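Here is the file model.txt (compact mmCIF, C-alpha atoms).
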# COMPACT_ATOMS: atom_id res chain seq x y z
CA MET A 1 -13.26 21.41 2.89
CA LYS A 2 -12.20 19.24 5.80
CA THR A 3 -10.42 21.22 8.49
CA THR A 4 -9.98 18.78 11.36
CA SER A 5 -6.42 17.59 11.85
CA LYS A 6 -4.45 15.01 13.75
CA ILE A 7 -1.56 17.44 14.12
CA SER A 8 -3.58 19.68 16.44
CA GLY A 9 -1.90 19.97 19.82
CA ALA A 10 1.23 18.15 18.68
CA THR A 11 2.66 20.55 16.14
CA PRO A 12 2.32 24.31 16.64
CA ALA A 13 0.76 26.22 13.77
CA HIS A 14 3.35 28.19 11.82
CA PHE A 15 2.60 30.69 9.06
CA SER A 16 5.70 32.82 8.66
CA GLY A 17 9.51 32.88 8.58
CA HIS A 18 10.08 32.56 4.85
CA GLU A 19 9.80 36.32 4.29
CA THR A 20 7.59 35.43 1.25
CA PHE A 21 10.52 33.82 -0.62
CA PRO A 22 9.96 30.28 -1.97
CA LEU A 23 12.79 27.82 -1.34
CA ARG A 24 15.61 28.16 -3.91
CA GLN A 25 17.83 25.34 -5.10
CA MET A 26 21.07 26.34 -3.34
CA TRP A 27 19.62 27.69 -0.10
CA LEU A 28 19.73 24.43 1.86
CA LYS A 29 23.37 23.99 0.85
CA LYS A 30 24.15 27.58 1.84
CA ALA A 31 22.79 26.92 5.33
CA PHE A 32 24.46 23.51 5.62
CA ASP A 33 27.88 24.92 4.70
CA GLN A 34 27.84 27.14 7.79
CA ALA A 35 28.25 24.11 10.07
CA THR A 36 31.49 23.50 11.93
CA ASP A 37 33.18 20.10 12.06
CA GLY A 38 30.89 19.17 14.96
CA GLY A 39 27.80 19.87 12.88
CA LEU A 40 26.93 23.03 14.80
CA ILE A 41 25.78 26.33 13.32
CA ARG A 42 25.85 29.42 15.53
CA LYS A 43 22.57 31.34 15.81
CA THR A 44 24.43 34.55 15.04
CA THR A 45 25.40 33.09 11.66
CA PHE A 46 22.03 34.32 10.40
CA THR A 47 21.92 37.62 12.32
CA ASP A 48 25.46 39.07 12.26
CA GLU A 49 26.15 41.99 9.97
CA SER A 50 28.46 39.69 8.04
CA ALA A 51 25.56 37.34 7.16
CA ILE A 52 24.62 39.29 4.03
CA ALA A 53 28.13 38.95 2.62
CA CYS A 54 28.43 35.36 3.85
CA PHE A 55 25.26 34.16 2.15
CA GLY A 56 25.42 36.52 -0.80
CA VAL A 57 21.78 37.59 -0.46
CA GLY A 58 19.83 40.35 1.28
CA LYS A 59 18.90 40.39 4.97
CA ASN A 60 15.35 39.10 4.41
CA MET A 61 16.64 36.25 2.27
CA VAL A 62 19.11 35.25 5.00
CA ALA A 63 16.14 34.93 7.37
CA SER A 64 14.34 32.92 4.70
CA ILE A 65 17.30 30.55 4.30
CA ARG A 66 17.29 29.97 8.07
CA HIS A 67 13.56 29.21 7.98
CA TRP A 68 13.80 26.76 5.09
CA ALA A 69 16.79 24.95 6.59
CA LEU A 70 14.73 24.37 9.75
CA ALA A 71 11.49 23.52 7.94
CA CYS A 72 13.20 21.02 5.62
CA GLY A 73 15.06 19.30 8.44
CA VAL A 74 18.56 20.34 7.33
CA MET A 75 19.16 21.66 10.84
CA ARG A 76 17.37 21.71 14.18
CA GLN A 77 17.62 23.97 17.21
CA ALA A 78 20.15 22.64 19.70
CA ASP A 79 22.95 23.75 22.04
CA GLY A 80 22.02 27.41 21.85
CA GLY A 81 22.32 27.27 18.06
CA PHE A 82 21.55 24.73 15.38
CA ARG A 83 22.77 21.22 14.61
CA VAL A 84 22.68 19.73 11.13
CA GLY A 85 20.89 16.41 10.70
CA ASN A 86 22.56 13.14 9.71
CA LEU A 87 20.49 12.76 6.55
CA ALA A 88 21.24 16.34 5.52
CA SER A 89 24.95 15.67 6.03
CA GLU A 90 24.82 12.57 3.87
CA ILE A 91 23.13 14.48 1.06
CA LEU A 92 24.59 18.00 1.19
CA GLN A 93 28.19 17.60 2.34
CA ASP A 94 30.87 18.14 -0.28
CA GLY A 95 31.20 14.81 -2.03
CA GLY A 96 27.80 13.77 -0.65
CA LEU A 97 24.85 12.29 -2.48
CA ASP A 98 23.67 15.65 -3.87
CA PRO A 99 25.77 18.57 -2.59
CA TYR A 100 24.21 21.09 -4.99
CA ALA A 101 20.58 19.96 -4.57
CA GLU A 102 20.32 19.13 -8.27
CA SER A 103 18.59 15.74 -7.92
CA PRO A 104 14.77 15.51 -7.94
CA SER A 105 15.12 13.22 -4.90
CA THR A 106 16.32 16.17 -2.81
CA ALA A 107 13.31 18.22 -3.86
CA TRP A 108 10.94 15.32 -3.10
CA LEU A 109 12.49 14.90 0.37
CA ALA A 110 12.11 18.63 1.03
CA HIS A 111 8.46 18.42 -0.06
CA TRP A 112 7.92 15.44 2.25
CA GLN A 113 9.33 17.38 5.20
CA LEU A 114 7.05 20.34 4.49
CA ALA A 115 3.77 18.69 3.49
CA GLY A 116 4.16 15.32 5.23
CA ARG A 117 5.98 16.06 8.46
CA CYS A 118 4.70 19.64 8.86
CA PHE A 119 7.34 21.49 10.87
CA ARG A 120 7.05 25.27 10.45
CA SER A 121 4.94 24.60 7.32
CA THR A 122 1.28 24.45 8.34
CA THR A 123 0.00 25.82 5.02
CA TRP A 124 2.00 23.26 3.04
CA HIS A 125 0.59 20.41 5.13
CA TRP A 126 -2.95 21.76 4.91
CA LEU A 127 -2.84 22.37 1.15
CA PHE A 128 -1.67 18.87 0.25
CA ASN A 129 -3.71 17.00 2.87
CA HIS A 130 -7.00 18.90 3.12
CA VAL A 131 -7.74 20.67 -0.15
CA THR A 132 -9.83 18.40 -2.37
CA ALA A 133 -11.35 20.86 -4.86
CA PRO A 134 -10.43 20.12 -8.51
CA THR A 135 -9.33 23.74 -9.02
CA PHE A 136 -8.90 26.63 -6.60
CA THR A 137 -7.63 30.18 -6.28
CA ARG A 138 -5.61 31.62 -3.44
CA GLN A 139 -8.59 33.74 -2.41
CA GLU A 140 -10.84 30.66 -2.18
CA LEU A 141 -8.36 28.99 0.16
CA GLU A 142 -7.90 31.88 2.59
CA GLU A 143 -11.00 31.43 4.76
CA PRO A 144 -10.77 27.60 5.05
CA LEU A 145 -7.09 27.93 5.99
CA ALA A 146 -7.93 30.63 8.55
CA ARG A 147 -10.53 28.28 10.12
CA TYR A 148 -7.97 25.48 10.20
CA ALA A 149 -5.45 27.79 11.89
CA ARG A 150 -8.03 28.76 14.53
CA GLU A 151 -8.71 25.07 15.25
CA LEU A 152 -5.02 24.38 15.72
CA ASP A 153 -4.42 27.38 17.96
CA PRO A 154 -7.63 29.13 19.14
CA LYS A 155 -5.69 31.66 21.24
CA HIS A 156 -3.53 32.92 18.37
CA ARG A 157 -5.43 35.11 15.92
CA LEU A 158 -3.66 35.44 12.59
CA SER A 159 -4.28 38.40 10.34
CA ALA A 160 -5.83 37.85 6.93
CA SER A 161 -2.70 39.29 5.33
CA THR A 162 -0.48 36.70 7.07
CA ILE A 163 -2.67 33.86 5.78
CA SER A 164 -2.73 35.38 2.29
CA ARG A 165 1.07 35.83 2.14
CA ASP A 166 1.71 32.29 3.35
CA LEU A 167 -0.66 30.83 0.77
CA GLU A 168 0.87 32.92 -1.99
CA THR A 169 4.37 31.75 -1.03
CA CYS A 170 3.22 28.13 -0.87
CA LEU A 171 1.54 28.23 -4.28
CA ARG A 172 4.52 29.99 -5.87
CA SER A 173 6.80 27.33 -4.42
CA TYR A 174 5.23 24.79 -6.77
CA ALA A 175 3.83 26.92 -9.59
CA PRO A 176 6.04 30.01 -9.90
CA ARG A 177 4.80 33.14 -11.64
CA ALA A 178 6.08 33.33 -15.18
CA ALA A 179 7.00 36.99 -15.56
CA GLY A 180 7.60 40.26 -13.76
CA GLY A 181 9.64 41.21 -10.72
CA SER A 182 13.35 40.77 -10.14
CA PRO A 183 15.21 37.72 -11.53
CA GLU A 184 16.02 36.49 -8.01
CA ASP A 185 12.46 36.87 -6.78
CA PHE A 186 11.12 34.80 -9.64
CA ALA A 187 13.93 32.29 -10.00
CA GLU A 188 12.72 28.71 -10.36
CA PRO A 189 12.01 27.39 -6.85
CA LEU A 190 13.34 23.99 -5.78
CA LEU A 191 9.86 22.48 -5.52
CA GLY A 192 8.68 23.76 -8.89
CA GLU A 193 10.33 20.87 -10.73
CA LEU A 194 8.13 18.30 -8.99
CA GLY A 195 5.08 19.01 -11.13
CA LEU A 196 2.67 18.70 -8.21
CA LEU A 197 0.74 21.89 -8.86
CA GLN A 198 -0.07 23.83 -12.03
CA GLU A 199 -1.62 27.19 -12.73
CA VAL A 200 -4.39 26.22 -15.15
CA HIS A 201 -5.60 29.80 -15.63
CA LYS A 202 -4.31 33.07 -14.23
CA GLY A 203 -4.62 32.72 -10.46
CA GLN A 204 -6.37 29.35 -10.67
CA TYR A 205 -4.52 26.21 -9.63
CA ALA A 206 -4.96 22.43 -9.79
CA PHE A 207 -3.02 19.47 -8.43
CA ARG A 208 -1.38 17.11 -10.89
CA ARG A 209 -2.47 13.70 -9.66
CA GLY A 210 -1.09 10.43 -10.96
CA PRO A 211 2.29 8.70 -11.36
CA LYS A 212 5.36 10.79 -10.60
CA ALA A 213 8.23 9.69 -12.83
CA SER A 214 10.89 11.62 -10.90
CA LEU A 215 9.81 10.18 -7.50
CA HIS A 216 12.28 7.37 -6.81
CA ASP A 217 11.08 4.23 -5.03
CA GLY A 218 13.74 4.93 -2.39
CA VAL A 219 12.13 8.26 -1.46
CA PHE A 220 8.65 6.70 -1.56
CA ALA A 221 9.81 3.87 0.75
CA TYR A 222 11.48 6.33 3.13
CA ALA A 223 8.30 8.44 3.27
CA LEU A 224 6.15 5.34 3.83
CA ILE A 225 8.27 4.21 6.80
CA ASP A 226 8.38 7.73 8.21
CA PHE A 227 4.58 8.00 7.93
CA TRP A 228 4.13 4.48 9.35
CA ASP A 229 6.24 5.30 12.42
CA ARG A 230 4.01 8.28 13.20
CA GLU A 231 0.69 6.77 12.12
CA ASP A 232 0.82 3.28 13.63
CA GLU A 233 4.23 2.47 15.09
CA GLY A 234 4.52 -1.11 16.23
CA GLN A 235 1.96 -2.43 13.76
CA SER A 236 3.34 -4.97 11.30
CA SER A 237 0.85 -4.16 8.53
CA LEU A 238 -0.77 -1.07 7.06
CA ALA A 239 -3.93 -0.98 4.95
CA PHE A 240 -3.70 0.23 1.37
CA GLU A 241 -6.37 2.86 2.06
CA THR A 242 -4.23 4.30 4.85
CA VAL A 243 -1.17 4.58 2.58
CA ALA A 244 -3.31 6.19 -0.12
CA TYR A 245 -5.66 8.50 1.74
CA ALA A 246 -4.74 9.11 5.39
CA GLU A 247 -3.64 12.56 6.44
CA GLY A 248 0.12 12.85 5.97
CA SER A 249 0.29 9.68 3.86
CA PRO A 250 2.54 9.27 0.81
CA GLY A 251 -0.55 8.97 -1.38
CA ARG A 252 -1.90 12.36 -0.34
CA VAL A 253 1.39 14.22 0.00
CA PHE A 254 2.80 13.00 -3.33
CA LYS A 255 -0.59 13.23 -5.12
CA LEU A 256 -0.43 9.64 -6.38
CA ASP A 257 -3.42 7.80 -7.85
CA GLU A 258 -4.40 4.33 -6.58
CA GLU A 259 -2.81 2.44 -9.47
CA SER A 260 0.51 4.25 -8.99
CA ILE A 261 0.50 3.51 -5.26
CA ALA A 262 -0.28 -0.17 -5.84
CA GLN A 263 2.52 -0.48 -8.41
CA ARG A 264 5.01 1.13 -6.03
CA LEU A 265 3.97 -1.07 -3.11
CA ILE A 266 4.35 -4.20 -5.25
CA ALA A 267 7.82 -3.04 -6.35
CA LEU A 268 8.95 -2.42 -2.75
CA SER A 269 9.27 -6.15 -2.04
CA ASP A 270 12.28 -6.52 -4.33
CA PHE A 271 13.56 -3.03 -3.60
CA THR A 272 13.70 -3.58 0.19
CA GLY A 273 14.79 -7.23 0.16
CA ARG A 274 11.28 -8.24 1.29
CA ARG A 275 11.41 -6.03 4.38
CA LEU A 276 8.29 -4.43 2.95
CA GLU A 277 5.84 -6.91 1.40
CA TRP A 278 2.61 -6.25 -0.46
CA THR A 279 -0.35 -8.66 -0.20
CA ASP A 280 -3.73 -8.64 -1.88
CA SER A 281 -5.80 -11.50 -0.51
CA ALA A 282 -9.60 -11.77 -0.54
CA GLY A 283 -9.88 -8.08 -1.28
CA LEU A 284 -7.69 -7.13 1.69
CA ARG A 285 -4.84 -5.02 0.37
CA GLN A 286 -2.00 -4.45 2.84
CA VAL A 287 1.70 -3.77 3.06
CA HIS A 288 3.60 -5.77 5.69
CA ARG A 289 6.76 -4.65 7.43
CA LYS A 290 9.67 -6.51 8.95
CA HIS A 291 12.23 -4.98 11.28
CA MET A 292 14.32 -2.28 9.61
CA THR A 293 17.46 -0.70 11.01
CA ARG A 294 18.38 2.95 10.57
CA GLU A 295 21.00 1.80 8.11
CA ASP A 296 18.32 -0.03 6.08
CA ILE A 297 16.33 3.18 5.88
CA LYS A 298 19.41 5.23 4.94
CA ASN A 299 20.13 2.75 2.17
CA MET A 300 16.72 3.50 0.67
CA ILE A 301 17.76 7.13 0.38
CA ARG A 302 21.16 6.24 -1.03
CA CYS A 303 19.50 4.19 -3.77
CA ALA A 304 17.46 7.24 -4.75
CA TYR A 305 20.69 8.99 -5.80
CA ASP A 306 22.30 6.13 -7.73
Final structure tokens representation of the file:
Amino acid sequence: MKTTSKISGATPAHFSGHETFPLRQMWLKKAFDQATDGGLIRKTTFTDESAIACFGVGKNMVASIRHWALACGVMRQADGGFRVGNLASEILQDGGLDPYAESPSTAWLAHWQLAGRCFRSTTWHWLFNHVTAPTFTRQELEEPLARYARELDPKHRLSASTISRDLETCLRSYAPRAAGGSPEDFAEPLLGELGLLQEVHKGQYAFRRGPKASLHDGVFAYALIDFWDREDEGQSSLAFETVAYAEGSPGRVFKLDEESIAQRLIALSDFTGRRLEWTDSAGLRQVHRKHMTREDIKNMIRCAYD
């Protein structure tokens, strides 16, 4: 398994914070609703004794909600506390695009933040970008992930149990266990509806590659631009192979096959008013990009909730 990574040195490795709880549907909304009119959330919101009553969950779950809100980009550290993001506000505010996180587009955006952008979610990024085996168990992934972690941060030695817990939480985020435990612990996680990962036998997993019916072209376009800005900002064209196979690309992160990617890229011309244009000339397959404003990019997301 490939373990080299472009994120080394730029993004610190992170293997904890979720308290072993996969992301639940309403948790991002619960965090978002703590913001004041100025979009600020006090740090003590998640640590005060009143937090358990405020969030309606146990102390460890409150910490998990804080982690997921940061990892999914709902809020960022700022001003001695946290500030909610503009996109999160547009989606999660009362009367917003998806205040109760019921739309598949919200789950796809959360997955993109975790596996594509990789903030506080090293295992998520590694699993979707570096694991190529047709099937795998958690135990088979532990040593390759530990090597990857050592490459990212040679000075920080993680325990085997930390790696194992993070992998288990990641896998259960997409392919939850079917029975046993408390109802809350085994409630359907937000990312489980995406169909990206399946448990083919007990403890053995496989990616579901191919077209993703619930992935809206608006989310795909947003992810493509986001990836483009980090991969090759300033370039007016991007090779098909880069979109399909590069680390952190929509093709890898969304587990799309080549035909699905090509169909989506062709469709983006009409969808974006020709701001993104697909060409296939003399065997050279590329997507071309014209200038796009922040409002153009926001409109892609808005379309995903129509």
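Atom CA of A:Tyr245 sits 27.1 Å away from atom CA of A:Ser103.
Counting all atoms listed in the file, the residue from A:Asp153, A:Glu143, A:Asp280, A:Asp37 that sits nearest to A:Ala13 is A:Asp153.
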Show me the residues close to (15.9, -7.0, 1.9) - anything with an atom within 12 Å, counting all atoms listed in the file - and format the list as a PyMOL selection string. chain A and resi 268-277+289-293+295-297+299-300
Pull C-alpha atoms from the residues just selected and write them as a PDB file, in the frame of the given file.
ATOM      1  CA  LEU A 268       8.950  -2.420  -2.750  1.00  0.00           C
ATOM      2  CA  SER A 269       9.270  -6.150  -2.040  1.00  0.00           C
ATOM      3  CA  ASP A 270      12.280  -6.520  -4.330  1.00  0.00           C
ATOM      4  CA  PHE A 271      13.560  -3.030  -3.600  1.00  0.00           C
ATOM      5  CA  THR A 272      13.700  -3.580   0.190  1.00  0.00           C
ATOM      6  CA  GLY A 273      14.790  -7.230   0.160  1.00  0.00           C
ATOM      7  CA  ARG A 274      11.280  -8.240   1.290  1.00  0.00           C
ATOM      8  CA  ARG A 275      11.410  -6.030   4.380  1.00  0.00           C
ATOM      9  CA  LEU A 276       8.290  -4.430   2.950  1.00  0.00           C
ATOM     10  CA  GLU A 277       5.840  -6.910   1.400  1.00  0.00           C
ATOM     11  CA  ARG A 289       6.760  -4.650   7.430  1.00  0.00           C
ATOM     12  CA  LYS A 290       9.670  -6.510   8.950  1.00  0.00           C
ATOM     13  CA  HIS A 291      12.230  -4.980  11.280  1.00  0.00           C
ATOM     14  CA  MET A 292      14.320  -2.280   9.610  1.00  0.00           C
ATOM     15  CA  THR A 293      17.460  -0.700  11.010  1.00  0.00           C
ATOM     16  CA  GLU A 295      21.000   1.800   8.110  1.00  0.00           C
ATOM     17  CA  ASP A 296      18.320  -0.030   6.080  1.00  0.00           C
ATOM     18  CA  ILE A 297      16.330   3.180   5.880  1.00  0.00           C
ATOM     19  CA  ASN A 299      20.130   2.750   2.170  1.00  0.00           C
ATOM     20  CA  MET A 300      16.720   3.500   0.670  1.00  0.00           C
TER      21      MET A 300
END
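Residues lying within 12 Å of A:Pro134, counting only C-alpha atoms and ignoring same-chain neighbours fewer than 6 positions away, are Met1, Leu197, Gln198, Val200, Gln204, Tyr205, Ala206, Phe207, Arg208 and Arg209 of chain A.
Here atom CA of A:Tyr174 and atom CA of A:Leu190 stand 8.2 Å from one another.
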Need the neighbours of (8.7, 17.4, -2.5): which residues are at most 12 Å away, counting all atoms listed in the file, as a ChimeraX atom specification? /A:23,72,103-117,124-125,128,173-174,189-197,212,214-216,219-220,223,250,252-255
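Ranking A:Phe32, A:Ala213, A:Gly248, A:Leu167 by their shortest atom-to-atom distance to A:Ile91, with only C-alpha atoms included, puts A:Phe32 first.
In terms of minimum interatomic distance to A:Lys59, A:Thr47 ranks closest within A:Tyr305, A:Thr47, A:Ser164, A:Ala149, counting only C-alpha atoms.
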List the neighbours of A:Ala69 out to 7 Å using all atoms listed in the file; skip same-chain residues closer than 6 positions along the sequence, and give me the result as JSON, numbers by chain. {"A": [28, 31, 75]}
Which of these residues is nearest to A:Ala101, using only C-alpha atoms: A:Ala146, A:Cys118, A:Leu256, A:Met26? A:Met26
Nearest residue to A:Gln93 out of A:Ser50, A:Gln34, A:Thr162, A:Thr279, using all atoms listed in the file? A:Gln34
Atoms kept (C-alpha atoms) for stretch 100-177 of chain A, as a CSV table (one decimal), in the first residue's frame:
chain,number,residue,atom,x,y,z
A,100,TYR,CA,-31.6,19.2,9.9
A,101,ALA,CA,-28.9,17.6,7.8
A,102,GLU,CA,-31.4,15.4,6.0
A,103,SER,CA,-30.1,15.9,2.4
A,104,PRO,CA,-27.5,13.5,1.0
A,105,SER,CA,-25.6,16.6,-0.2
A,106,THR,CA,-24.8,17.5,3.4
A,107,ALA,CA,-23.4,14.1,4.0
A,108,TRP,CA,-21.3,14.2,0.8
A,109,LEU,CA,-19.9,17.6,1.8
A,110,ALA,CA,-19.0,16.3,5.2
A,111,HIS,CA,-17.3,13.3,3.6
A,112,TRP,CA,-15.4,15.7,1.3
A,113,GLN,CA,-14.2,17.7,4.2
A,114,LEU,CA,-12.9,14.6,6.0
A,115,ALA,CA,-11.5,12.5,3.2
A,116,GLY,CA,-10.7,15.2,0.7
A,117,ARG,CA,-9.5,18.2,2.8
A,118,CYS,CA,-8.2,16.2,5.7
A,119,PHE,CA,-8.5,18.4,8.7
A,120,ARG,CA,-8.4,16.4,12.0
A,121,SER,CA,-9.2,13.3,9.9
A,122,THR,CA,-6.0,11.7,8.8
A,123,THR,CA,-7.4,8.1,8.9
A,124,TRP,CA,-10.4,9.2,6.7
A,125,HIS,CA,-8.0,10.8,4.1
A,126,TRP,CA,-5.7,7.8,4.2
A,127,LEU,CA,-8.4,5.2,3.8
A,128,PHE,CA,-10.0,6.8,0.8
A,129,ASN,CA,-6.8,7.9,-0.9
A,130,HIS,CA,-4.3,5.2,-0.2
A,131,VAL,CA,-6.0,1.9,0.4
A,132,THR,CA,-6.3,0.0,-3.0
A,133,ALA,CA,-6.9,-3.5,-1.8
A,134,PRO,CA,-10.2,-5.0,-3.1
A,135,THR,CA,-11.2,-6.1,0.4
A,136,PHE,CA,-9.6,-5.4,3.8
A,137,THR,CA,-10.1,-5.9,7.5
A,138,ARG,CA,-9.4,-3.3,10.2
A,139,GLN,CA,-6.5,-5.4,11.4
A,140,GLU,CA,-4.9,-5.5,8.0
A,141,LEU,CA,-5.0,-1.7,7.8
A,142,GLU,CA,-3.4,-1.0,11.2
A,143,GLU,CA,0.3,-1.4,10.3
A,144,PRO,CA,0.1,0.5,7.0
A,145,LEU,CA,-1.7,3.3,8.7
A,146,ALA,CA,0.8,3.3,11.6
A,147,ARG,CA,3.6,3.6,9.0
A,148,TYR,CA,1.8,6.5,7.3
A,149,ALA,CA,1.4,8.3,10.6
A,150,ARG,CA,5.1,7.9,11.3
A,151,GLU,CA,5.9,9.4,7.9
A,152,LEU,CA,3.7,12.4,8.6
A,153,ASP,CA,5.0,13.0,12.1
A,154,PRO,CA,8.2,11.0,12.9
A,155,LYS,CA,8.5,12.6,16.4
A,156,HIS,CA,5.0,11.6,17.5
A,157,ARG,CA,4.6,7.9,18.3
A,158,LEU,CA,1.0,6.8,18.3
A,159,SER,CA,0.0,3.7,20.3
A,160,ALA,CA,-1.4,0.7,18.4
A,161,SER,CA,-4.7,1.1,20.3
A,162,THR,CA,-5.1,4.7,19.1
A,163,ILE,CA,-4.7,3.6,15.5
A,164,SER,CA,-7.1,0.7,16.0
A,165,ARG,CA,-9.8,2.9,17.6
A,166,ASP,CA,-9.5,5.5,14.9
A,167,LEU,CA,-9.8,2.9,12.1
A,168,GLU,CA,-12.7,1.3,13.9
A,169,THR,CA,-14.5,4.6,14.2
A,170,CYS,CA,-13.8,5.5,10.5
A,171,LEU,CA,-15.1,2.1,9.2
A,172,ARG,CA,-18.2,2.3,11.4
A,173,SER,CA,-18.9,5.8,10.1
A,174,TYR,CA,-19.6,4.3,6.6
A,175,ALA,CA,-20.6,0.7,7.4
A,176,PRO,CA,-22.2,0.7,10.9
A,177,ARG,CA,-22.4,-2.5,12.9
